[in-house]
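Source file: input.cif (mmCIF, N, CA and C atoms)
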```
data_query
#
loop_
_atom_site.label_atom_id
_atom_site.label_comp_id
_atom_site.auth_asym_id
_atom_site.auth_seq_id
_atom_site.Cartn_x
_atom_site.Cartn_y
_atom_site.Cartn_z
N MET A 13 109.60 46.38 127.47
CA MET A 13 110.79 46.94 128.06
C MET A 13 111.91 46.86 127.02
N GLU A 14 112.66 47.94 126.89
CA GLU A 14 113.76 47.99 125.95
C GLU A 14 115.09 47.97 126.69
N ARG A 15 116.08 47.37 126.06
CA ARG A 15 117.44 47.45 126.57
C ARG A 15 118.38 47.41 125.38
N LEU A 16 119.62 47.85 125.61
CA LEU A 16 120.61 47.88 124.54
C LEU A 16 121.62 46.77 124.75
N THR A 17 122.04 46.18 123.64
CA THR A 17 123.10 45.18 123.70
C THR A 17 124.45 45.90 123.71
N GLU A 18 125.52 45.14 123.82
CA GLU A 18 126.87 45.72 123.84
C GLU A 18 127.16 46.51 122.58
N ASN A 19 126.62 46.08 121.45
CA ASN A 19 126.90 46.79 120.19
C ASN A 19 125.85 47.86 119.88
N GLY A 20 124.99 48.16 120.84
CA GLY A 20 124.04 49.25 120.69
C GLY A 20 122.71 48.89 120.07
N CYS A 21 122.47 47.62 119.78
CA CYS A 21 121.19 47.21 119.20
C CYS A 21 120.11 47.21 120.29
N LYS A 22 118.96 47.62 119.91
CA LYS A 22 117.84 47.60 120.85
C LYS A 22 117.22 46.21 120.91
N ILE A 23 116.94 45.77 122.09
CA ILE A 23 116.21 44.52 122.29
C ILE A 23 114.96 44.86 123.07
N ILE A 24 113.84 44.47 122.54
CA ILE A 24 112.58 44.70 123.22
C ILE A 24 112.16 43.38 123.86
N THR A 25 111.96 43.43 125.15
CA THR A 25 111.55 42.21 125.86
C THR A 25 110.21 42.46 126.51
N ALA A 26 109.46 41.42 126.61
CA ALA A 26 108.15 41.50 127.26
C ALA A 26 108.24 40.77 128.58
N HIS A 27 107.74 41.38 129.58
CA HIS A 27 107.71 40.75 130.90
C HIS A 27 106.26 40.43 131.23
N LEU A 28 106.00 39.18 131.39
CA LEU A 28 104.66 38.76 131.77
C LEU A 28 104.67 38.46 133.25
N ASN A 29 103.72 39.03 133.94
CA ASN A 29 103.67 38.72 135.36
C ASN A 29 102.92 37.41 135.56
N LYS A 30 103.00 36.89 136.76
CA LYS A 30 102.41 35.59 137.04
C LYS A 30 100.91 35.57 136.81
N SER A 31 100.23 36.66 137.11
CA SER A 31 98.77 36.66 136.91
C SER A 31 98.42 36.59 135.43
N THR A 32 99.20 37.23 134.57
CA THR A 32 98.95 37.16 133.12
C THR A 32 99.14 35.74 132.62
N ILE A 33 100.19 35.09 133.08
CA ILE A 33 100.45 33.71 132.68
C ILE A 33 99.33 32.80 133.15
N ARG A 34 98.86 32.99 134.39
CA ARG A 34 97.75 32.19 134.91
C ARG A 34 96.48 32.42 134.10
N GLU A 35 96.21 33.68 133.75
CA GLU A 35 95.02 34.00 132.97
C GLU A 35 95.05 33.31 131.61
N GLU A 36 96.22 33.34 130.96
CA GLU A 36 96.35 32.69 129.67
C GLU A 36 96.15 31.18 129.79
N ALA A 37 96.67 30.59 130.85
CA ALA A 37 96.49 29.15 131.08
C ALA A 37 95.03 28.82 131.31
N LEU A 38 94.33 29.67 132.05
CA LEU A 38 92.90 29.44 132.29
C LEU A 38 92.09 29.55 131.00
N ILE A 39 92.45 30.49 130.16
CA ILE A 39 91.76 30.64 128.87
C ILE A 39 91.98 29.41 128.01
N ARG A 40 93.22 28.91 127.95
CA ARG A 40 93.50 27.69 127.17
C ARG A 40 92.73 26.50 127.73
N LYS A 41 92.69 26.39 129.05
CA LYS A 41 91.98 25.29 129.69
C LYS A 41 90.48 25.36 129.39
N LYS A 42 89.93 26.57 129.43
CA LYS A 42 88.50 26.76 129.12
C LYS A 42 88.24 26.39 127.67
N ASP A 43 89.13 26.81 126.77
CA ASP A 43 88.99 26.50 125.35
C ASP A 43 89.03 24.99 125.13
N GLN A 44 89.95 24.31 125.80
CA GLN A 44 90.05 22.86 125.68
C GLN A 44 88.78 22.19 126.21
N ARG A 45 88.28 22.66 127.34
CA ARG A 45 87.07 22.08 127.92
C ARG A 45 85.88 22.28 126.99
N GLU A 46 85.76 23.47 126.41
CA GLU A 46 84.66 23.74 125.48
C GLU A 46 84.75 22.86 124.23
N LYS A 47 85.96 22.66 123.72
CA LYS A 47 86.13 21.80 122.55
C LYS A 47 85.79 20.35 122.88
N MET A 48 86.20 19.90 124.07
CA MET A 48 85.87 18.53 124.48
C MET A 48 84.36 18.38 124.63
N GLU A 49 83.70 19.37 125.20
CA GLU A 49 82.24 19.32 125.33
C GLU A 49 81.57 19.29 123.96
N GLU A 50 82.09 20.06 123.02
CA GLU A 50 81.55 20.06 121.66
C GLU A 50 81.75 18.70 121.00
N LEU A 51 82.94 18.12 121.19
CA LEU A 51 83.21 16.79 120.65
C LEU A 51 82.25 15.77 121.24
N LEU A 52 82.06 15.80 122.54
CA LEU A 52 81.14 14.86 123.20
C LEU A 52 79.71 15.03 122.70
N ALA A 53 79.29 16.27 122.46
CA ALA A 53 77.95 16.53 121.93
C ALA A 53 77.80 15.91 120.54
N ILE A 54 78.83 16.06 119.71
CA ILE A 54 78.80 15.47 118.37
C ILE A 54 78.73 13.95 118.48
N MET A 55 79.56 13.39 119.34
CA MET A 55 79.58 11.94 119.47
C MET A 55 78.24 11.41 119.99
N ASN A 56 77.60 12.16 120.88
CA ASN A 56 76.29 11.74 121.38
C ASN A 56 75.20 11.85 120.32
N GLU A 57 75.37 12.76 119.37
CA GLU A 57 74.43 12.84 118.25
C GLU A 57 74.60 11.63 117.33
N VAL A 58 75.86 11.27 117.09
CA VAL A 58 76.15 10.15 116.20
C VAL A 58 75.78 8.83 116.85
N LYS A 59 76.05 8.70 118.12
CA LYS A 59 75.83 7.44 118.84
C LYS A 59 75.26 7.76 120.23
N PRO A 60 73.96 8.02 120.32
CA PRO A 60 73.36 8.39 121.61
C PRO A 60 73.41 7.26 122.63
N GLY A 61 73.44 7.66 123.90
CA GLY A 61 73.34 6.70 124.99
C GLY A 61 74.63 6.02 125.39
N VAL A 62 75.76 6.49 124.90
CA VAL A 62 77.05 5.88 125.22
C VAL A 62 77.79 6.78 126.19
N ASP A 63 78.40 6.18 127.21
CA ASP A 63 79.26 6.94 128.13
C ASP A 63 80.65 6.97 127.52
N PHE A 64 80.88 7.96 126.67
CA PHE A 64 82.14 8.02 125.93
C PHE A 64 83.34 8.24 126.82
N MET A 65 83.17 8.91 127.95
CA MET A 65 84.30 9.14 128.85
C MET A 65 84.75 7.85 129.53
N ALA A 66 83.84 6.90 129.68
CA ALA A 66 84.18 5.64 130.35
C ALA A 66 84.67 4.57 129.37
N GLU A 67 84.34 4.71 128.11
CA GLU A 67 84.72 3.70 127.11
C GLU A 67 86.23 3.69 126.90
N THR A 68 86.80 2.50 126.89
CA THR A 68 88.25 2.36 126.74
C THR A 68 88.67 1.95 125.33
N ASP A 69 87.73 1.48 124.51
CA ASP A 69 88.07 1.13 123.13
C ASP A 69 86.80 1.15 122.28
N LEU A 70 86.51 2.30 121.73
CA LEU A 70 85.27 2.51 120.98
C LEU A 70 85.17 1.63 119.75
N VAL A 71 86.29 1.36 119.12
CA VAL A 71 86.27 0.56 117.89
C VAL A 71 86.18 -0.93 118.21
N ASP A 72 87.10 -1.43 119.03
CA ASP A 72 87.11 -2.86 119.35
C ASP A 72 85.86 -3.32 120.11
N HIS A 73 85.26 -2.43 120.89
CA HIS A 73 84.04 -2.78 121.62
C HIS A 73 82.79 -2.61 120.77
N GLY A 74 82.96 -2.20 119.51
CA GLY A 74 81.83 -2.10 118.59
C GLY A 74 80.95 -0.88 118.77
N VAL A 75 81.41 0.06 119.57
CA VAL A 75 80.62 1.29 119.77
C VAL A 75 80.62 2.11 118.49
N LEU A 76 81.80 2.24 117.87
CA LEU A 76 81.91 2.96 116.60
C LEU A 76 82.20 1.97 115.49
N ASP A 77 81.24 1.81 114.57
CA ASP A 77 81.48 1.00 113.38
C ASP A 77 81.91 1.93 112.26
N SER A 78 82.13 1.39 111.09
CA SER A 78 82.65 2.20 109.98
C SER A 78 81.69 3.33 109.59
N ILE A 79 80.41 3.07 109.62
CA ILE A 79 79.43 4.11 109.27
C ILE A 79 79.45 5.23 110.31
N ALA A 80 79.52 4.87 111.59
CA ALA A 80 79.57 5.87 112.66
C ALA A 80 80.85 6.70 112.55
N ILE A 81 81.96 6.06 112.21
CA ILE A 81 83.22 6.79 112.08
C ILE A 81 83.16 7.77 110.92
N VAL A 82 82.62 7.35 109.78
CA VAL A 82 82.50 8.25 108.63
C VAL A 82 81.60 9.43 108.98
N THR A 83 80.50 9.17 109.65
CA THR A 83 79.59 10.24 110.08
C THR A 83 80.30 11.18 111.05
N LEU A 84 81.01 10.59 112.01
CA LEU A 84 81.75 11.37 112.99
C LEU A 84 82.82 12.24 112.33
N VAL A 85 83.52 11.69 111.37
CA VAL A 85 84.55 12.44 110.65
C VAL A 85 83.94 13.68 109.99
N GLY A 86 82.83 13.51 109.32
CA GLY A 86 82.17 14.65 108.67
C GLY A 86 81.76 15.72 109.66
N GLU A 87 81.19 15.30 110.78
CA GLU A 87 80.76 16.26 111.81
C GLU A 87 81.95 16.97 112.44
N ILE A 88 83.02 16.24 112.71
CA ILE A 88 84.22 16.85 113.31
C ILE A 88 84.85 17.85 112.34
N CYS A 89 84.94 17.48 111.07
CA CYS A 89 85.50 18.39 110.07
C CYS A 89 84.73 19.70 110.02
N ASP A 90 83.42 19.61 110.04
CA ASP A 90 82.58 20.81 110.00
C ASP A 90 82.70 21.63 111.28
N ALA A 91 82.63 20.98 112.42
CA ALA A 91 82.60 21.69 113.70
C ALA A 91 83.94 22.33 114.06
N PHE A 92 85.03 21.65 113.74
CA PHE A 92 86.34 22.13 114.18
C PHE A 92 87.18 22.69 113.04
N ASP A 93 86.61 22.73 111.84
CA ASP A 93 87.29 23.27 110.67
C ASP A 93 88.67 22.61 110.46
N VAL A 94 88.65 21.29 110.48
CA VAL A 94 89.86 20.51 110.23
C VAL A 94 89.59 19.57 109.05
N GLU A 95 90.67 19.05 108.49
CA GLU A 95 90.54 18.09 107.40
C GLU A 95 91.10 16.75 107.87
N ILE A 96 90.22 15.78 108.00
CA ILE A 96 90.63 14.44 108.37
C ILE A 96 90.76 13.64 107.09
N THR A 97 91.97 13.22 106.78
CA THR A 97 92.23 12.49 105.55
C THR A 97 92.10 10.99 105.79
N PRO A 98 92.02 10.21 104.73
CA PRO A 98 91.95 8.75 104.90
C PRO A 98 93.10 8.18 105.73
N VAL A 99 94.27 8.81 105.65
CA VAL A 99 95.42 8.36 106.44
C VAL A 99 95.13 8.47 107.94
N ASP A 100 94.31 9.46 108.32
CA ASP A 100 93.97 9.68 109.73
C ASP A 100 92.89 8.73 110.24
N ILE A 101 92.17 8.10 109.33
CA ILE A 101 91.04 7.25 109.74
C ILE A 101 91.55 5.84 110.01
N VAL A 102 92.16 5.71 111.18
CA VAL A 102 92.68 4.43 111.66
C VAL A 102 92.13 4.20 113.07
N PRO A 103 91.98 2.94 113.47
CA PRO A 103 91.41 2.65 114.79
C PRO A 103 92.09 3.37 115.95
N GLU A 104 93.41 3.55 115.87
CA GLU A 104 94.13 4.21 116.96
C GLU A 104 93.64 5.63 117.22
N ASN A 105 93.21 6.34 116.17
CA ASN A 105 92.73 7.71 116.32
C ASN A 105 91.30 7.79 116.84
N PHE A 106 90.59 6.66 116.84
CA PHE A 106 89.19 6.65 117.26
C PHE A 106 88.95 5.68 118.42
N LYS A 107 90.01 5.35 119.13
CA LYS A 107 89.91 4.39 120.23
C LYS A 107 89.12 4.94 121.41
N THR A 108 89.38 6.18 121.79
CA THR A 108 88.69 6.81 122.92
C THR A 108 88.37 8.25 122.55
N VAL A 109 87.57 8.89 123.37
CA VAL A 109 87.28 10.30 123.14
C VAL A 109 88.57 11.13 123.24
N GLU A 110 89.48 10.70 124.09
CA GLU A 110 90.75 11.42 124.23
C GLU A 110 91.61 11.31 122.97
N THR A 111 91.63 10.14 122.34
CA THR A 111 92.43 10.00 121.12
C THR A 111 91.80 10.77 119.96
N ILE A 112 90.49 10.85 119.95
CA ILE A 112 89.81 11.65 118.93
C ILE A 112 90.12 13.13 119.14
N TYR A 113 90.07 13.56 120.41
CA TYR A 113 90.38 14.95 120.73
C TYR A 113 91.84 15.27 120.38
N ALA A 114 92.75 14.33 120.64
CA ALA A 114 94.16 14.53 120.29
C ALA A 114 94.33 14.67 118.78
N LEU A 115 93.57 13.90 118.01
CA LEU A 115 93.59 14.03 116.55
C LEU A 115 93.16 15.43 116.13
N ILE A 116 92.08 15.91 116.71
CA ILE A 116 91.58 17.26 116.38
C ILE A 116 92.65 18.30 116.70
N LYS A 117 93.22 18.22 117.89
CA LYS A 117 94.24 19.19 118.28
C LYS A 117 95.43 19.15 117.32
N ARG A 118 95.86 17.95 116.95
CA ARG A 118 96.99 17.82 116.02
C ARG A 118 96.66 18.46 114.67
N LEU A 119 95.44 18.26 114.20
CA LEU A 119 95.05 18.79 112.89
C LEU A 119 94.83 20.31 112.94
N GLU A 120 94.51 20.84 114.10
CA GLU A 120 94.32 22.29 114.24
C GLU A 120 95.65 23.04 114.21
N ASP A 121 96.71 22.38 114.62
CA ASP A 121 98.03 23.04 114.69
C ASP A 121 98.67 23.23 113.35
#
```

Mind turning this structure into structure tokens?
Amino acid sequence: MERLTENGCKIITAHLNKSTIREEALIRKKDQREKMEELLAIMNEVKPGVDFMAETDLVDHGVLDSIAIVTLVGEICDAFDVEITPVDIVPENFKTVETIYALIKRLED
């Protein structure tokens, strides 16, 4: 939609209806769910038999040791096309599946 300002400049505005906004939100939610499922699949390959959604501290509880974290970093970098630097490899980023997912999202932006 176009409109003119007081000085005659054209302003083009886009009007999104509620259904378009809902559709975009559903697509983002689906994308997030798919990425979380992919992350969980990777984590299950690296460390099978762990209920990652229930774990509250993967590092302190000994679920992820240094070798598992290095393996996980390589797999995440390949799968999500992100670069995890040594600065990012701290226990806080690998505490839960949610903190790992937050790291991926931050690096994707």

Problem set entry | Reference answer for the PyMOL selection byres ((chain A and resi 68) around 6), as number ranges by chain | A: 66-67, 69-70, 107-108

For this session: Report as a PyMOL selection string the full result of the PyMOL selection byres (((chain A and resi 48-53 and name CA) around 8) and name CA) when it is applied to this structure.
Result: chain A and resi 44-47+54-57+64+88+109+113

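Between CA of Ile101 (chain A) and CA of Ala114 (chain A) the interatomic distance comes to 13.2 Å.
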
Problem set entry | Gap from CA of Asp63 (chain A) to CA of Val102 (chain A) - Å, one decimal |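 Separation of CA of Asp63 (chain A) and CA of Val102 (chain A): 21.4 Å.
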
Exercise. Can you tell me how far atom N of Gly86 (chain A) sits from CA of Phe106 (chain A), in Å to one decimal?
Worked result: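 About the pair atom N of Gly86 (chain A) and CA of Phe106 (chain A): they are 12.3 Å apart.
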
Problem set entry | Of the listed residues A:Val58, A:Ala91, A:Glu120, A:Val99, that which approaches Ile79 (chain A) most closely, counting only C-alpha atoms |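 The answer is A:Val58, which sits nearest to Ile79 (chain A).
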
Exercise. Pick the closest to Lys59 (chain A) from A:Thr111, A:Ala80, A:His73, A:Thr97: which is it, counting all atoms listed in the file?
Worked result: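 When distances to Lys59 (chain A) are compared using all atoms listed in the file, the smallest one comes from A:Ala80.
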
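For the choices A:Leu119, A:Asp72, A:Ile112, A:Pro60, the atom-to-atom distance to Ile96 (chain A) is smallest for A:Leu119 when using all atoms listed in the file.
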